[in-house]
Amino acid sequence: MIPRKDLDRLLKQATNHSLSIIIGARQVGKSTLLGMIRTQLPQPSEMFNLENPLHLSLFNEGYTSFIRTVRTRLIFIDEFQYCNNISSVFKAVYDLNPQIKIYATGSSSMEIQTHLKESLAGRKLETILYPLTYSEWLCQEDESQRPPLSPHIEDVTAPDELEAHRARLREFMRYGALPGLTALSEDLEKREYLFGIYQTYIAKDIKAFLKEESVLSFNKAITWLALNNGARLKKSTLCGVAGISIRQIERYLDVLGGTFVLALLPPISTNRGKELTKTPKFYLYDQGIINSIIQDFRDIDRRPDTGTLREQFVFWELKKHLDIRYSLYYWRTADGKEVDFVLKKDQQLLPIEVKSSWQPPIVPPGLRHFLSYYPESKSAVVLYDGPEYTSRYNDCTIYFAPIHKAFAALSLL
């Protein structure tokens, strides 16, 4: 079992009456995490899997049927999206039975998620589970074999450890970070696993959401998104590729976002209102799935999009580690000057540039321009393939660090 970074926080929620809801895309490890929580909590509990017709019928009959059946105060519910009235059951249990604690997992049901937001406001603690972080992914190796990973961006990585991380990152970016891959060793097995998840997503989730709309046009749209991952989202271009209206494109994007397959990165602006109208970037949730869609599993150093692969890695490493205190943006001027990511916490900004290769202490041009716009910035980060190096640029400390330490950037705010 790979320990997930959310496990300790979820275990602490056992003493909180709020519903602990875990949501996320297919095969990111929600059911496994639920089992880990149940195993580590000492009190008696019951587990219901709503893919099981007998368990589902119990919940479909509503709150009264459920409350007459349960015999413990700790309840685990897996795949809650299969029950259409689950939000009413959850609400009734919370309001009428404060002694009962529920942990529940679900995915791929935008309608139910909407109901949960509306009816369970103030009653739930929500965790979005993503594919493995790089540090979680390393845990598939024996502790004596895996290279150490410091949480501090300025800590120096030994040359042999740096080379070890480079080798592991090539694997991480080739097949992605879905937990099920850790049990597979052969290239063909991994490709079949990833293609199967993609096919299941199209066959089950998308057909259910799109209904009368063409799955063929959706396939064209998601292929374009995979080929242009990390670019700015131009809906007019996507309309032309898929041959459908802007309304349908927006529906597709809602489905992709609602099933946790796509995330948007907004531009930062001193005028908050303008942020909402400017063009966001987009990132599909896992590089292995992207590679399966575009059928390209070459080593990252042999691909023309190697820079985008590194940027995608950094985006998800940051996003997987963010909590409510942080916001994530990119920065771009009208004349094209750009910084890949900007972390924001309590009005403090941390610009982050991603480079395939670089030569410290030279500061990338986009970062120099950002610091001229935001001279109050005290720190900045350049992630690249080289070792740690720290320098000063005007009143700002520039941290050069190997790309595998992207998550450590949060410690600077």
# chains A, B, ... in the order shown; residues from 1 in each chain; ligands from 1

call {"tool": "select_by_dssp", "arguments": {"residues": "stretch 76-226 of chain A", "states": "strand (DSSP E)", "output": "list in words"}}
result
Phe76, Ile77, Asp78, Lys101, Ile102, Tyr103, Ala104, Thr105, Gly106, Lys124, Leu125, Glu126, Thr127, Ile128 and Leu129 of chain A

call {"tool": "write_last_selection", "arguments": {"atoms": "N, CA and C atoms", "output": "PDB file, in the first residue's frame"}}
result
ATOM      1  N   PHE A  76     -18.625   3.579   6.318  1.00  0.00           N
ATOM      2  CA  PHE A  76     -17.852   3.842   5.104  1.00  0.00           C
ATOM      3  C   PHE A  76     -18.713   3.514   3.886  1.00  0.00           C
ATOM      4  N   ILE A  77     -18.771   4.459   2.935  1.00  0.00           N
ATOM      5  CA  ILE A  77     -19.597   4.284   1.738  1.00  0.00           C
ATOM      6  C   ILE A  77     -18.735   4.528   0.512  1.00  0.00           C
ATOM      7  N   ASP A  78     -18.611   3.512  -0.334  1.00  0.00           N
ATOM      8  CA  ASP A  78     -17.794   3.606  -1.543  1.00  0.00           C
ATOM      9  C   ASP A  78     -18.694   3.737  -2.763  1.00  0.00           C
ATOM     10  N   LYS A 101     -20.597   8.905  12.201  1.00  0.00           N
ATOM     11  CA  LYS A 101     -19.569   9.506  11.354  1.00  0.00           C
ATOM     12  C   LYS A 101     -19.523   8.742  10.034  1.00  0.00           C
ATOM     13  N   ILE A 102     -19.562   9.490   8.907  1.00  0.00           N
ATOM     14  CA  ILE A 102     -19.547   8.868   7.583  1.00  0.00           C
ATOM     15  C   ILE A 102     -18.315   9.324   6.804  1.00  0.00           C
ATOM     16  N   TYR A 103     -17.607   8.345   6.231  1.00  0.00           N
ATOM     17  CA  TYR A 103     -16.600   8.581   5.195  1.00  0.00           C
ATOM     18  C   TYR A 103     -17.187   8.039   3.894  1.00  0.00           C
ATOM     19  N   ALA A 104     -17.106   8.811   2.816  1.00  0.00           N
ATOM     20  CA  ALA A 104     -17.697   8.358   1.553  1.00  0.00           C
ATOM     21  C   ALA A 104     -16.835   8.784   0.372  1.00  0.00           C
ATOM     22  N   THR A 105     -16.791   7.928  -0.652  1.00  0.00           N
ATOM     23  CA  THR A 105     -16.056   8.250  -1.871  1.00  0.00           C
ATOM     24  C   THR A 105     -16.992   8.237  -3.066  1.00  0.00           C
ATOM     25  N   GLY A 106     -16.682   9.076  -4.058  1.00  0.00           N
ATOM     26  CA  GLY A 106     -17.493   9.098  -5.275  1.00  0.00           C
ATOM     27  C   GLY A 106     -16.756   9.787  -6.398  1.00  0.00           C
ATOM     28  N   LYS A 124     -20.032  19.093   5.326  1.00  0.00           N
ATOM     29  CA  LYS A 124     -19.061  18.145   4.777  1.00  0.00           C
ATOM     30  C   LYS A 124     -17.645  18.717   4.771  1.00  0.00           C
ATOM     31  N   LEU A 125     -16.694  17.801   4.848  1.00  0.00           N
ATOM     32  CA  LEU A 125     -15.274  18.104   4.649  1.00  0.00           C
ATOM     33  C   LEU A 125     -14.862  17.373   3.379  1.00  0.00           C
ATOM     34  N   GLU A 126     -14.509  18.124   2.345  1.00  0.00           N
ATOM     35  CA  GLU A 126     -14.295  17.525   1.030  1.00  0.00           C
ATOM     36  C   GLU A 126     -12.800  17.415   0.718  1.00  0.00           C
ATOM     37  N   THR A 127     -12.404  16.248   0.227  1.00  0.00           N
ATOM     38  CA  THR A 127     -11.038  16.013  -0.228  1.00  0.00           C
ATOM     39  C   THR A 127     -11.080  15.586  -1.688  1.00  0.00           C
ATOM     40  N   ILE A 128     -10.345  16.296  -2.541  1.00  0.00           N
ATOM     41  CA  ILE A 128     -10.199  15.869  -3.933  1.00  0.00           C
ATOM     42  C   ILE A 128      -8.927  15.042  -4.021  1.00  0.00           C
ATOM     43  N   LEU A 129      -9.070  13.795  -4.441  1.00  0.00           N
ATOM     44  CA  LEU A 129      -7.920  12.908  -4.566  1.00  0.00           C
ATOM     45  C   LEU A 129      -7.449  12.896  -6.014  1.00  0.00           C
TER      46      LEU A 129
END

call {"tool": "residues_around", "arguments": {"residues": "stretch 161-178 of chain A", "least_positions_apart": "2", "cutoff": "8 Å", "atoms": "only C-alpha atoms", "output": "JSON, numbers by chain"}}
result
{"A": [27, 28, 29, 131, 132, 133, 134, 137, 147, 148, 157, 158, 159, 180, 181, 182, 190, 191, 286, 287, 288, 289, 291, 297, 298, 299, 300, 309, 313, 385, 387, 402, 404]}

call {"tool": "write_last_selection", "arguments": {"atoms": "N, CA and C atoms", "output": "tab-separated table (two decimals), in the first residue's frame"}}
result
chain	number	residue	atom	x	y	z
A	27	GLN	N	-9.93	5.62	-10.86
A	27	GLN	CA	-8.68	4.90	-10.62
A	27	GLN	C	-7.56	5.74	-10.02
A	28	VAL	N	-7.94	6.75	-9.21
A	28	VAL	CA	-6.89	7.52	-8.52
A	28	VAL	C	-6.64	6.98	-7.11
A	29	GLY	N	-7.38	5.95	-6.70
A	29	GLY	CA	-7.12	5.31	-5.41
A	29	GLY	C	-8.10	5.64	-4.31
A	131	PRO	N	-4.18	11.70	-8.91
A	131	PRO	CA	-3.15	10.66	-9.06
A	131	PRO	C	-1.98	10.93	-8.11
A	132	LEU	N	-1.10	9.96	-7.98
A	132	LEU	CA	-0.02	10.05	-7.01
A	132	LEU	C	0.86	11.28	-7.22
A	133	THR	N	1.27	11.89	-6.11
A	133	THR	CA	2.34	12.88	-6.19
A	133	THR	C	3.65	12.15	-6.47
A	134	TYR	N	4.67	12.90	-6.82
A	134	TYR	CA	5.96	12.26	-7.09
A	134	TYR	C	6.49	11.57	-5.84
A	137	TRP	N	4.58	8.39	-5.34
A	137	TRP	CA	4.97	7.44	-6.37
A	137	TRP	C	6.30	6.77	-6.03
A	147	PRO	N	15.73	7.36	-3.85
A	147	PRO	CA	16.54	8.53	-3.48
A	147	PRO	C	15.77	9.43	-2.52
A	148	PRO	N	16.46	10.06	-1.58
A	148	PRO	CA	15.77	10.96	-0.63
A	148	PRO	C	15.19	12.17	-1.35
A	157	THR	N	20.93	18.52	-3.22
A	157	THR	CA	20.81	17.11	-3.62
A	157	THR	C	22.16	16.64	-4.13
A	158	ALA	N	22.63	15.51	-3.60
A	158	ALA	CA	23.91	14.95	-4.03
A	158	ALA	C	23.85	14.58	-5.51
A	159	PRO	N	24.97	14.68	-6.24
A	159	PRO	CA	24.96	14.40	-7.68
A	159	PRO	C	24.38	13.04	-8.05
A	180	GLY	N	-2.67	2.23	-9.93
A	180	GLY	CA	-2.73	0.88	-10.45
A	180	GLY	C	-1.50	0.48	-11.25
A	181	LEU	N	-0.77	1.45	-11.76
A	181	LEU	CA	0.42	1.17	-12.56
A	181	LEU	C	1.55	0.59	-11.72
A	182	THR	N	1.54	0.85	-10.42
A	182	THR	CA	2.65	0.42	-9.58
A	182	THR	C	2.73	-1.10	-9.48
A	190	LYS	N	1.31	-1.70	-19.06
A	190	LYS	CA	1.02	-0.33	-18.64
A	190	LYS	C	0.20	0.40	-19.71
A	191	ARG	N	0.56	0.21	-20.97
A	191	ARG	CA	-0.19	0.86	-22.04
A	191	ARG	C	-1.62	0.33	-22.09
A	286	ASP	N	-3.43	13.60	-16.09
A	286	ASP	CA	-2.38	12.60	-15.92
A	286	ASP	C	-1.63	12.42	-17.23
A	287	GLN	N	-0.30	12.44	-17.16
A	287	GLN	CA	0.50	12.36	-18.38
A	287	GLN	C	0.39	10.99	-19.04
A	288	GLY	N	0.20	9.94	-18.27
A	288	GLY	CA	0.03	8.61	-18.85
A	288	GLY	C	-1.21	8.52	-19.71
A	289	ILE	N	-2.30	9.12	-19.23
A	289	ILE	CA	-3.54	9.14	-20.01
A	289	ILE	C	-3.35	9.98	-21.27
A	291	ASN	N	-0.54	10.50	-22.89
A	291	ASN	CA	0.29	9.71	-23.81
A	291	ASN	C	-0.50	8.60	-24.47
A	297	PHE	N	4.62	7.22	-26.24
A	297	PHE	CA	5.24	6.85	-24.98
A	297	PHE	C	6.76	6.90	-25.06
A	298	ARG	N	7.28	7.72	-25.97
A	298	ARG	CA	8.72	7.86	-26.05
A	298	ARG	C	9.28	8.51	-24.78
A	299	ASP	N	10.57	8.26	-24.53
A	299	ASP	CA	11.26	8.92	-23.43
A	299	ASP	C	11.12	10.43	-23.60
A	300	ILE	N	10.94	11.15	-22.50
A	300	ILE	CA	10.66	12.59	-22.58
A	300	ILE	C	11.77	13.36	-23.29
A	309	LEU	N	6.01	18.80	-21.09
A	309	LEU	CA	5.92	17.70	-20.14
A	309	LEU	C	6.41	18.11	-18.76
A	313	PHE	N	4.16	18.50	-15.32
A	313	PHE	CA	4.56	17.86	-14.06
A	313	PHE	C	4.54	18.87	-12.91
A	385	ASP	N	16.81	21.17	-14.82
A	385	ASP	CA	17.41	19.85	-14.66
A	385	ASP	C	18.71	19.86	-13.87
A	387	PRO	N	21.35	21.31	-10.44
A	387	PRO	CA	21.37	21.28	-8.97
A	387	PRO	C	20.87	22.58	-8.35
A	402	PRO	N	16.25	21.56	-8.81
A	402	PRO	CA	15.86	20.51	-9.76
A	402	PRO	C	14.35	20.34	-9.79
A	404	HIS	N	12.29	17.96	-9.75
A	404	HIS	CA	11.58	17.01	-8.90
A	404	HIS	C	11.20	17.63	-7.55

call {"tool": "select_by_dssp", "arguments": {"residues": "stretch 40-271 of chain A", "states": "helix (DSSP H, G or I)", "output": "ChimeraX atom specification"}}
result
/A:40,53-60,63-69,80-82,86-96,110-119,134-138,159-175,179-183,187-210,215-227,235-242,246-258

call {"tool": "closest_residue", "arguments": {"among": "A:Ile249, A:Ile2, A:Leu19, A:Ile293", "to": "A:Ala183", "atoms": "only C-alpha atoms"}}
result
A:Ile2

call {"tool": "residues_around", "arguments": {"residues": "stretch 12-17 of chain A", "least_positions_apart": "5", "cutoff": "12 Å", "atoms": "only C-alpha atoms", "output": "JSON, numbers by chain"}}
result
{"A": [6, 7, 37, 38, 40, 41, 42, 43, 45, 73, 74, 75, 76, 90, 91, 93, 94, 95, 96, 97, 98, 99, 100, 101, 102, 103, 122, 123, 124, 125, 126, 127]}

call {"tool": "write_last_selection", "arguments": {"atoms": "C-alpha atoms", "output": "mmCIF file, in the first residue's frame"}}
result
data_model
loop_
_atom_site.group_PDB
_atom_site.id
_atom_site.type_symbol
_atom_site.label_atom_id
_atom_site.label_comp_id
_atom_site.auth_asym_id
_atom_site.auth_seq_id
_atom_site.Cartn_x
_atom_site.Cartn_y
_atom_site.Cartn_z
ATOM 1 C CA ASP A 6 -4.132 12.998 2.718
ATOM 2 C CA LEU A 7 -4.357 9.953 5.002
ATOM 3 C CA ILE A 37 -8.784 4.796 6.802
ATOM 4 C CA ARG A 38 -11.048 1.971 7.954
ATOM 5 C CA GLN A 40 -6.381 2.400 10.901
ATOM 6 C CA LEU A 41 -9.426 3.516 12.898
ATOM 7 C CA PRO A 42 -9.910 1.191 15.892
ATOM 8 C CA GLN A 43 -13.665 1.486 16.416
ATOM 9 C CA SER A 45 -17.390 0.093 11.414
ATOM 10 C CA ARG A 73 -21.368 4.633 14.587
ATOM 11 C CA LEU A 74 -18.642 4.642 11.923
ATOM 12 C CA ILE A 75 -19.851 4.141 8.336
ATOM 13 C CA PHE A 76 -17.852 3.842 5.104
ATOM 14 C CA PHE A 90 -26.322 12.243 3.909
ATOM 15 C CA LYS A 91 -28.185 15.364 5.002
ATOM 16 C CA VAL A 93 -27.942 11.368 8.807
ATOM 17 C CA TYR A 94 -25.960 14.513 9.627
ATOM 18 C CA ASP A 95 -28.963 16.430 10.965
ATOM 19 C CA LEU A 96 -30.669 13.598 12.888
ATOM 20 C CA ASN A 97 -27.812 11.340 14.013
ATOM 21 C CA PRO A 98 -24.864 13.377 15.329
ATOM 22 C CA GLN A 99 -23.302 10.214 16.786
ATOM 23 C CA ILE A 100 -22.728 8.734 13.300
ATOM 24 C CA LYS A 101 -19.569 9.506 11.354
ATOM 25 C CA ILE A 102 -19.547 8.868 7.583
ATOM 26 C CA TYR A 103 -16.600 8.581 5.195
ATOM 27 C CA GLY A 122 -21.444 23.402 6.173
ATOM 28 C CA ARG A 123 -21.978 19.671 6.705
ATOM 29 C CA LYS A 124 -19.061 18.145 4.777
ATOM 30 C CA LEU A 125 -15.274 18.104 4.649
ATOM 31 C CA GLU A 126 -14.295 17.525 1.030
ATOM 32 C CA THR A 127 -11.038 16.013 -0.228
#

call {"tool": "atom_distance", "arguments": {"atom1": "atom CA of A:Ala92", "atom2": "atom CA of A:Asn52"}}
result
22.3 Å

call {"tool": "residues_around", "arguments": {"residues": "A:Phe260", "least_positions_apart": "4", "cutoff": "10 Å", "atoms": "only C-alpha atoms", "output": "VMD selection string"}}
result
chain A and resid 23 to 26 107 to 108 110 128 to 130 254 to 256 284 to 285

call {"tool": "residues_around", "arguments": {"residues": "A:Val382", "least_positions_apart": "4", "cutoff": "9 Å", "atoms": "only C-alpha atoms", "output": "ChimeraX atom specification"}}
result
/A:351-355,358,363-364,367,398-403

call {"tool": "write_last_selection", "arguments": {"atoms": "C-alpha atoms", "output": "mmCIF file, in the first residue's frame"}}
result
data_model
loop_
_atom_site.group_PDB
_atom_site.id
_atom_site.type_symbol
_atom_site.label_atom_id
_atom_site.label_comp_id
_atom_site.auth_asym_id
_atom_site.auth_seq_id
_atom_site.Cartn_x
_atom_site.Cartn_y
_atom_site.Cartn_z
ATOM 1 C CA PRO A 351 6.746 33.363 -9.411
ATOM 2 C CA ILE A 352 7.940 29.961 -10.694
ATOM 3 C CA GLU A 353 9.645 29.372 -14.043
ATOM 4 C CA VAL A 354 10.166 25.899 -15.551
ATOM 5 C CA LYS A 355 13.115 25.250 -17.851
ATOM 6 C CA TRP A 358 19.363 26.629 -17.638
ATOM 7 C CA VAL A 363 17.503 35.008 -14.411
ATOM 8 C CA PRO A 364 15.050 34.021 -17.188
ATOM 9 C CA LEU A 367 10.953 36.297 -14.513
ATOM 10 C CA ILE A 398 16.160 33.426 -6.685
ATOM 11 C CA TYR A 399 16.092 29.698 -5.896
ATOM 12 C CA PHE A 400 17.300 27.448 -8.697
ATOM 13 C CA ALA A 401 16.249 23.859 -7.972
ATOM 14 C CA PRO A 402 15.862 20.509 -9.756
ATOM 15 C CA ILE A 403 12.405 19.962 -11.169
#

call {"tool": "atom_distance", "arguments": {"atom1": "atom CA of A:Glu250", "atom2": "atom CA of A:Leu238"}}
result
10.1 Å

call {"tool": "closest_residue", "arguments": {"among": "A:Thr223, A:Ser411, A:Ser372, A:Gln199", "to": "A:Cys396", "atoms": "only C-alpha atoms"}}
result
A:Ser372

call {"tool": "atom_distance", "arguments": {"atom1": "atom CA of A:Ala334", "atom2": "atom CA of A:Leu225"}}
result
23.7 Å
